[in-house]
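Chemist: Got run_21.txt for you, compact mmCIF, C-alpha atoms and all ligand atoms:
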```txt
# COMPACT_ATOMS: atom_id res chain seq x y z
CA MET A 1 79.08 164.27 161.16
CA PRO A 2 79.25 160.48 161.61
CA HIS A 3 77.10 158.22 159.50
CA ALA A 4 74.33 156.30 161.24
CA VAL A 5 75.34 153.08 159.47
CA THR A 6 78.37 152.03 157.46
CA ALA A 7 78.59 154.32 154.43
CA PRO A 8 78.66 152.73 150.96
CA THR A 9 82.00 152.52 149.21
CA LEU A 10 82.47 154.87 146.28
CA ARG A 11 83.06 152.78 143.16
CA THR A 12 85.80 154.06 140.87
CA LEU A 13 87.23 153.07 137.52
CA ALA A 14 90.76 153.36 136.18
CA VAL A 15 91.71 156.08 133.70
CA ALA A 16 94.25 154.80 131.18
CA GLY A 17 97.74 156.16 131.82
CA ARG A 18 96.75 158.37 134.76
CA ASP A 19 96.76 158.14 138.54
CA GLU A 20 93.35 159.76 139.07
CA ARG A 21 90.30 157.54 139.00
CA PHE A 22 86.78 158.03 137.67
CA PRO A 23 84.10 158.05 140.40
CA VAL A 24 81.00 156.12 139.37
CA ASN A 25 77.70 157.88 139.97
CA ARG A 26 74.85 156.24 138.02
CA ILE A 27 74.97 153.63 135.27
CA PHE A 28 72.44 154.15 132.48
CA CYS A 29 72.06 151.40 129.90
CA VAL A 30 70.49 151.66 126.46
CA GLY A 31 68.24 148.79 125.34
CA ARG A 32 68.32 147.35 121.81
CA ASN A 33 70.64 149.86 120.15
CA TYR A 34 71.92 147.55 117.39
CA ALA A 35 69.35 146.36 114.85
CA ALA A 36 70.71 142.80 114.62
CA HIS A 37 70.56 142.41 118.40
CA ALA A 38 67.02 143.83 118.54
CA ARG A 39 66.03 141.17 116.02
CA GLU A 40 67.68 138.34 117.97
CA MET A 41 65.68 139.51 121.04
CA GLY A 42 62.47 139.31 119.01
CA ALA A 43 61.98 143.08 118.76
CA ASP A 44 61.36 145.35 115.80
CA PRO A 45 64.62 147.15 115.07
CA ASP A 46 62.91 150.20 113.64
CA ARG A 47 64.17 153.50 114.93
CA GLU A 48 61.78 153.86 117.83
CA PRO A 49 63.07 156.20 120.51
CA PRO A 50 65.83 154.71 122.67
CA PHE A 51 64.85 153.33 126.06
CA PHE A 52 66.96 153.06 129.16
CA PHE A 53 67.37 151.02 132.30
CA MET A 54 69.87 151.39 135.13
CA LYS A 55 72.36 149.47 137.15
CA PRO A 56 73.51 150.64 140.58
CA ALA A 57 77.00 152.05 140.95
CA GLN A 58 77.72 148.88 142.96
CA ALA A 59 77.48 146.97 139.68
CA ALA A 60 80.71 148.54 138.42
CA VAL A 61 83.82 146.36 138.46
CA ASP A 62 87.26 147.75 137.63
CA ALA A 63 88.36 145.58 134.71
CA SER A 64 91.48 147.58 133.86
CA ALA A 65 93.33 144.34 134.64
CA PRO A 66 92.03 140.77 134.24
CA VAL A 67 89.32 140.23 136.81
CA ALA A 68 86.93 137.49 137.93
CA ILE A 69 83.25 138.00 138.68
CA PRO A 70 81.08 135.57 140.62
CA TYR A 71 78.33 133.59 138.93
CA PRO A 72 75.28 135.38 140.35
CA PRO A 73 72.56 133.52 142.26
CA LYS A 74 69.05 132.71 141.04
CA THR A 75 69.93 132.30 137.38
CA ALA A 76 70.68 129.51 134.94
CA LYS A 77 71.35 131.82 131.99
CA LEU A 78 74.04 134.44 132.58
CA HIS A 79 74.59 136.31 129.31
CA HIS A 80 77.42 138.54 128.10
CA GLU A 81 76.70 141.86 126.35
CA ILE A 82 79.79 143.70 125.13
CA GLU A 83 79.22 147.47 124.98
CA LEU A 84 80.81 150.85 124.38
CA VAL A 85 80.71 152.75 127.67
CA VAL A 86 80.52 156.54 127.77
CA ALA A 87 81.86 158.32 130.88
CA ILE A 88 80.20 161.68 131.56
CA GLY A 89 82.52 164.44 132.71
CA GLU A 90 80.23 167.44 132.70
CA GLY A 91 76.60 167.27 133.73
CA GLY A 92 73.62 169.04 132.26
CA ALA A 93 69.93 168.91 131.42
CA ASP A 94 68.29 169.25 128.01
CA ILE A 95 71.60 168.83 126.22
CA VAL A 96 71.22 169.08 122.46
CA ALA A 97 72.90 166.41 120.37
CA ALA A 98 75.11 168.90 118.57
CA ASP A 99 76.56 169.95 121.92
CA ALA A 100 76.52 166.55 123.62
CA LEU A 101 80.05 165.28 123.08
CA ARG A 102 81.63 168.05 125.12
CA HIS A 103 79.94 166.44 128.15
CA VAL A 104 81.92 163.22 127.57
CA TYR A 105 85.02 162.61 129.68
CA GLY A 106 86.00 159.42 127.92
CA TYR A 107 85.18 155.96 126.64
CA ALA A 108 85.67 152.39 127.82
CA VAL A 109 84.85 148.79 127.01
CA GLY A 110 82.25 147.25 129.29
CA LEU A 111 80.09 144.18 129.83
CA ASP A 112 76.38 144.45 130.64
CA MET A 113 76.14 141.04 132.32
CA THR A 114 72.53 139.89 132.27
CA ARG A 115 70.54 137.20 134.06
CA ARG A 116 68.63 136.57 130.81
CA ASP A 117 66.14 134.12 132.27
CA LEU A 118 65.09 136.63 134.94
CA GLN A 119 65.06 139.54 132.49
CA LEU A 120 62.81 137.76 129.99
CA ALA A 121 60.47 136.45 132.68
CA ALA A 122 60.07 140.02 133.95
CA ARG A 123 59.70 141.44 130.44
CA ASP A 124 57.01 138.93 129.52
CA LYS A 125 55.00 139.87 132.62
CA GLY A 126 55.45 143.60 132.06
CA ARG A 127 57.58 143.87 135.20
CA PRO A 128 60.81 145.84 135.76
CA TRP A 129 64.08 144.25 134.64
CA GLU A 130 65.94 144.87 137.89
CA PHE A 131 66.70 141.29 138.92
CA GLY A 132 67.82 140.52 135.38
CA LYS A 133 70.07 143.54 134.95
CA SER A 134 70.82 145.44 138.14
CA PHE A 135 72.70 142.98 140.33
CA ALA A 136 76.04 143.57 142.03
CA LEU A 137 79.23 143.23 139.95
CA SER A 138 77.24 143.02 136.70
CA ALA A 139 79.17 145.78 134.90
CA PRO A 140 82.89 145.03 134.47
CA ILE A 141 84.41 148.08 132.75
CA GLY A 142 87.95 148.58 131.45
CA ALA A 143 90.20 151.58 131.81
CA ILE A 144 88.63 154.78 130.54
CA ARG A 145 90.43 156.53 127.70
CA ARG A 146 89.94 160.27 127.78
CA ALA A 147 88.21 162.04 124.91
CA GLN A 148 90.86 164.74 125.09
CA ASP A 149 93.42 162.04 124.25
CA ILE A 150 91.56 159.94 121.65
CA GLY A 151 88.67 162.12 120.43
CA HIS A 152 85.17 160.70 119.97
CA PRO A 153 85.17 157.35 118.14
CA ASN A 154 82.20 156.78 115.85
CA SER A 155 83.52 153.80 113.90
CA ALA A 156 85.44 150.99 115.60
CA ALA A 157 85.26 147.21 115.64
CA ILE A 158 83.61 145.83 118.80
CA THR A 159 84.23 142.17 119.64
CA LEU A 160 83.81 139.61 122.37
CA THR A 161 85.35 136.17 122.55
CA VAL A 162 84.68 133.45 125.11
CA ASN A 163 87.55 131.02 125.73
CA GLY A 164 89.08 132.38 122.52
CA GLN A 165 86.01 131.64 120.38
CA PRO A 166 84.21 134.53 118.63
CA ARG A 167 80.81 135.37 120.11
CA GLN A 168 80.04 139.00 119.26
CA ALA A 169 81.49 141.07 116.43
CA SER A 170 80.18 144.33 115.02
CA ASN A 171 81.13 147.98 114.71
CA ILE A 172 80.02 150.90 116.83
CA ASP A 173 78.98 152.62 113.60
CA GLN A 174 75.98 150.25 113.75
CA LEU A 175 74.53 152.00 116.81
CA ILE A 176 70.92 152.92 116.03
CA TRP A 177 71.18 155.92 118.39
CA SER A 178 74.57 157.60 118.50
CA VAL A 179 76.37 158.58 121.69
CA ALA A 180 75.34 162.20 121.18
CA GLU A 181 71.71 161.25 120.59
CA CYS A 182 71.62 159.04 123.69
CA ILE A 183 72.96 161.91 125.79
CA ALA A 184 70.36 164.26 124.34
CA VAL A 185 67.45 161.91 125.07
CA LEU A 186 68.67 160.94 128.55
CA SER A 187 69.32 164.50 129.63
CA ALA A 188 65.83 165.53 128.58
CA TYR A 189 64.40 163.12 131.17
CA ASP A 190 66.94 163.54 133.95
CA ALA A 191 69.89 165.88 134.33
CA LEU A 192 73.17 164.08 133.76
CA GLU A 193 75.86 164.38 136.41
CA PRO A 194 79.64 163.98 136.41
CA GLY A 195 80.46 160.35 137.09
CA ASP A 196 77.46 158.98 135.22
CA LEU A 197 78.14 156.15 132.80
CA ILE A 198 76.12 155.25 129.72
CA MET A 199 76.34 151.68 128.43
CA THR A 200 75.30 152.16 124.82
CA GLY A 201 73.86 148.73 124.00
CA THR A 202 75.18 145.46 122.65
CA PRO A 203 75.46 144.04 119.14
CA GLU A 204 74.16 140.62 118.15
CA GLY A 205 75.62 137.37 119.44
CA VAL A 206 74.68 137.52 123.11
CA ASN A 207 74.98 134.11 124.73
CA ALA A 208 75.52 132.31 128.00
CA VAL A 209 78.70 131.87 130.01
CA VAL A 210 79.37 129.36 132.75
CA ALA A 211 81.80 129.17 135.65
CA GLY A 212 85.36 129.04 134.38
CA ASP A 213 84.67 130.84 131.10
CA VAL A 214 86.99 133.69 130.11
CA MET A 215 85.52 136.64 128.20
CA ALA A 216 87.79 138.97 126.23
CA GLY A 217 86.17 142.19 125.05
CA ALA A 218 87.63 144.81 122.76
CA ILE A 219 86.78 148.00 120.91
CA ALA A 220 89.43 149.22 118.47
CA GLY A 221 91.27 152.18 120.00
CA LEU A 222 90.14 151.47 123.58
CA SER A 223 91.59 149.38 126.39
CA GLY A 224 90.41 145.76 126.13
CA ILE A 225 89.07 143.70 129.02
CA THR A 226 89.49 140.12 130.22
CA VAL A 227 86.76 138.97 132.58
CA SER A 228 86.42 135.42 133.86
CA VAL A 229 83.48 133.82 135.62
CA ALA A 230 84.68 132.44 138.94
CA ARG A 231 84.42 128.70 139.55
MN MN A 301 72.97 145.84 127.30
```
Please rewrite the model in this file as structure tokens.
Ligand code: MN

Modeler:
Amino acid sequence: MPHAVTAPTLRTLAVAGRDERFPVNRIFCVGRNYAAHAREMGADPDREPPFFFMKPAQAAVDASAPVAIPYPPKTAKLHHEIELVVAIGEGGADIVAADALRHVYGYAVGLDMTRRDLQLAARDKGRPWEFGKSFALSAPIGAIRRAQDIGHPNSAAITLTVNGQPRQASNIDQLIWSVAECIAVLSAYDALEPGDLIMTGTPEGVNAVVAGDVMAGAIAGLSGITVSVAR
């Protein structure tokens, strides 16, 4: 049956060392999942339940090779947030944490690019974060490494440099809510589906980038990314 209008393009991500690609369904993002970042955002880093927001699949950018993203409109404060990305391979509802990791297809390095001025203006008015977080091409993500190849990392250095200068440096063992716990909470509210991505939150050191800047993100054991902001 023909579509009534032009159908959207399926976004896909590279899988390290393989020809098949990962089809992107939804992108869930965890807010304030590192205590030091929660503090720099003016929040109490106590272990309150994790909260989530979303980006559209159209936010995903294949960053398996160096890539440029445009500087988005309507912002003067585009921030980088380096994050561990979880790729869901098997869906499910009400997944218990002890069983959660078998739903994971693999892991990648990603950037939750944020129009911070718009996000904070919305937050301070009690409005949704969409314009601050959910814009096109706001989630560059590197090649996915399969859990069946590398296991499930729970301690690994996570870093971001801009033009070679350190900006963010932490370890994924500092996550307030683990990957398994995030899957358990999310799947209690909405059934997870194959192709879903979970961006697990960023450590401290978020800051602005401008046109021409080059961001290099890495998590030990995963494929690093190089993302520039187009001039
Ligand atoms: Mn984030």

Chemist: When you count all atoms listed in the file, which of these residues is closest to A:Ile141: A:Ala59, A:Ile183, A:Ala7, A:Ala208?

Modeler: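 Closest residue, counting all atoms listed in the file: A:Ala59.
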
Chemist: What would the list of residues within 7 Å of (68.0, 133.8, 130.7) (file frame) look like as a ChimeraX atom specification, if only C-alpha atoms are what count?

Modeler: /A:76-78,115-120

Chemist: Write a file of the selected residues as a compact mmCIF listing (two decimals), keeping the file's coordinate frame, keeping C-alpha atoms.

Modeler:
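Result saved to part.txt:
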```txt
# COMPACT_ATOMS: atom_id res chain seq x y z
CA ALA A 76 70.68 129.51 134.94
CA LYS A 77 71.35 131.82 131.99
CA LEU A 78 74.04 134.44 132.58
CA ARG A 115 70.54 137.20 134.06
CA ARG A 116 68.63 136.57 130.81
CA ASP A 117 66.14 134.12 132.27
CA LEU A 118 65.09 136.63 134.94
CA GLN A 119 65.06 139.54 132.49
CA LEU A 120 62.81 137.76 129.99
```

Chemist: Mind running chain A against ligand MN 301 (chain A) at 6 Å and telling me each contacting residue's nearest atom pair with the distance in Å (one decimal), counting only C-alpha atoms and all ligand atoms, chain and number ascending, as a Markdown table?

Modeler:
```
| residue | atom | partner | partner_atom | distance |
| --- | --- | --- | --- | --- |
| A:Gly31 | CA | A:MN301 | MN | 5.9 |
| A:Glu81 | CA | A:MN301 | MN | 5.5 |
| A:Asp112 | CA | A:MN301 | MN | 5.0 |
| A:Gly201 | CA | A:MN301 | MN | 4.5 |
| A:Thr202 | CA | A:MN301 | MN | 5.2 |
```

Chemist: If you measure from atom CA of A:Ala180 to atom CA of A:Leu101, what distance in Å do you get, rounded to one decimal?

Modeler: 5.9 Å

Chemist: For A:Pro73, which residue among A:Thr114, A:Asn154, A:Gln58, A:Ser178 is the nearest when counting only C-alpha atoms?

Modeler: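 Among the listed residues, A:Thr114 lies closest to A:Pro73.
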
Chemist: Can you pull out every residue within 6 Å of A:Gly195, counting all atoms listed in the file, but drop anything in the same chain fewer than 4 positions away, and send it as a list in words?

Modeler: Pro23, Val24, Asn25 and Ile88 of chain A

Chemist: What is the distance, in Å and to one decimal place, between atom CA of A:Phe131 and atom CA of A:Phe51?

Modeler: 17.7 Å

Chemist: Looking at A:Val86, A:Val206, A:Ala230, A:Leu222, which one is nearest to A:Met41, with distances taken over only C-alpha atoms?

Modeler: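 Looking at the shortest contact to A:Met41, the residue is A:Val206.
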
Chemist: Quick one: of A:Arg145, A:Pro203, A:Asp213, A:Gly224, who's nearest to A:Ala68, counting all atoms listed in the file?

Modeler: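 Of the candidates, the smallest distance to A:Ala68 is held by A:Asp213.
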
Chemist: Between atom CA of A:Leu137 and atom CA of A:Glu83, what distance in Å does the model show, to one decimal?

Modeler: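 These atoms are spaced 15.6 Å apart.
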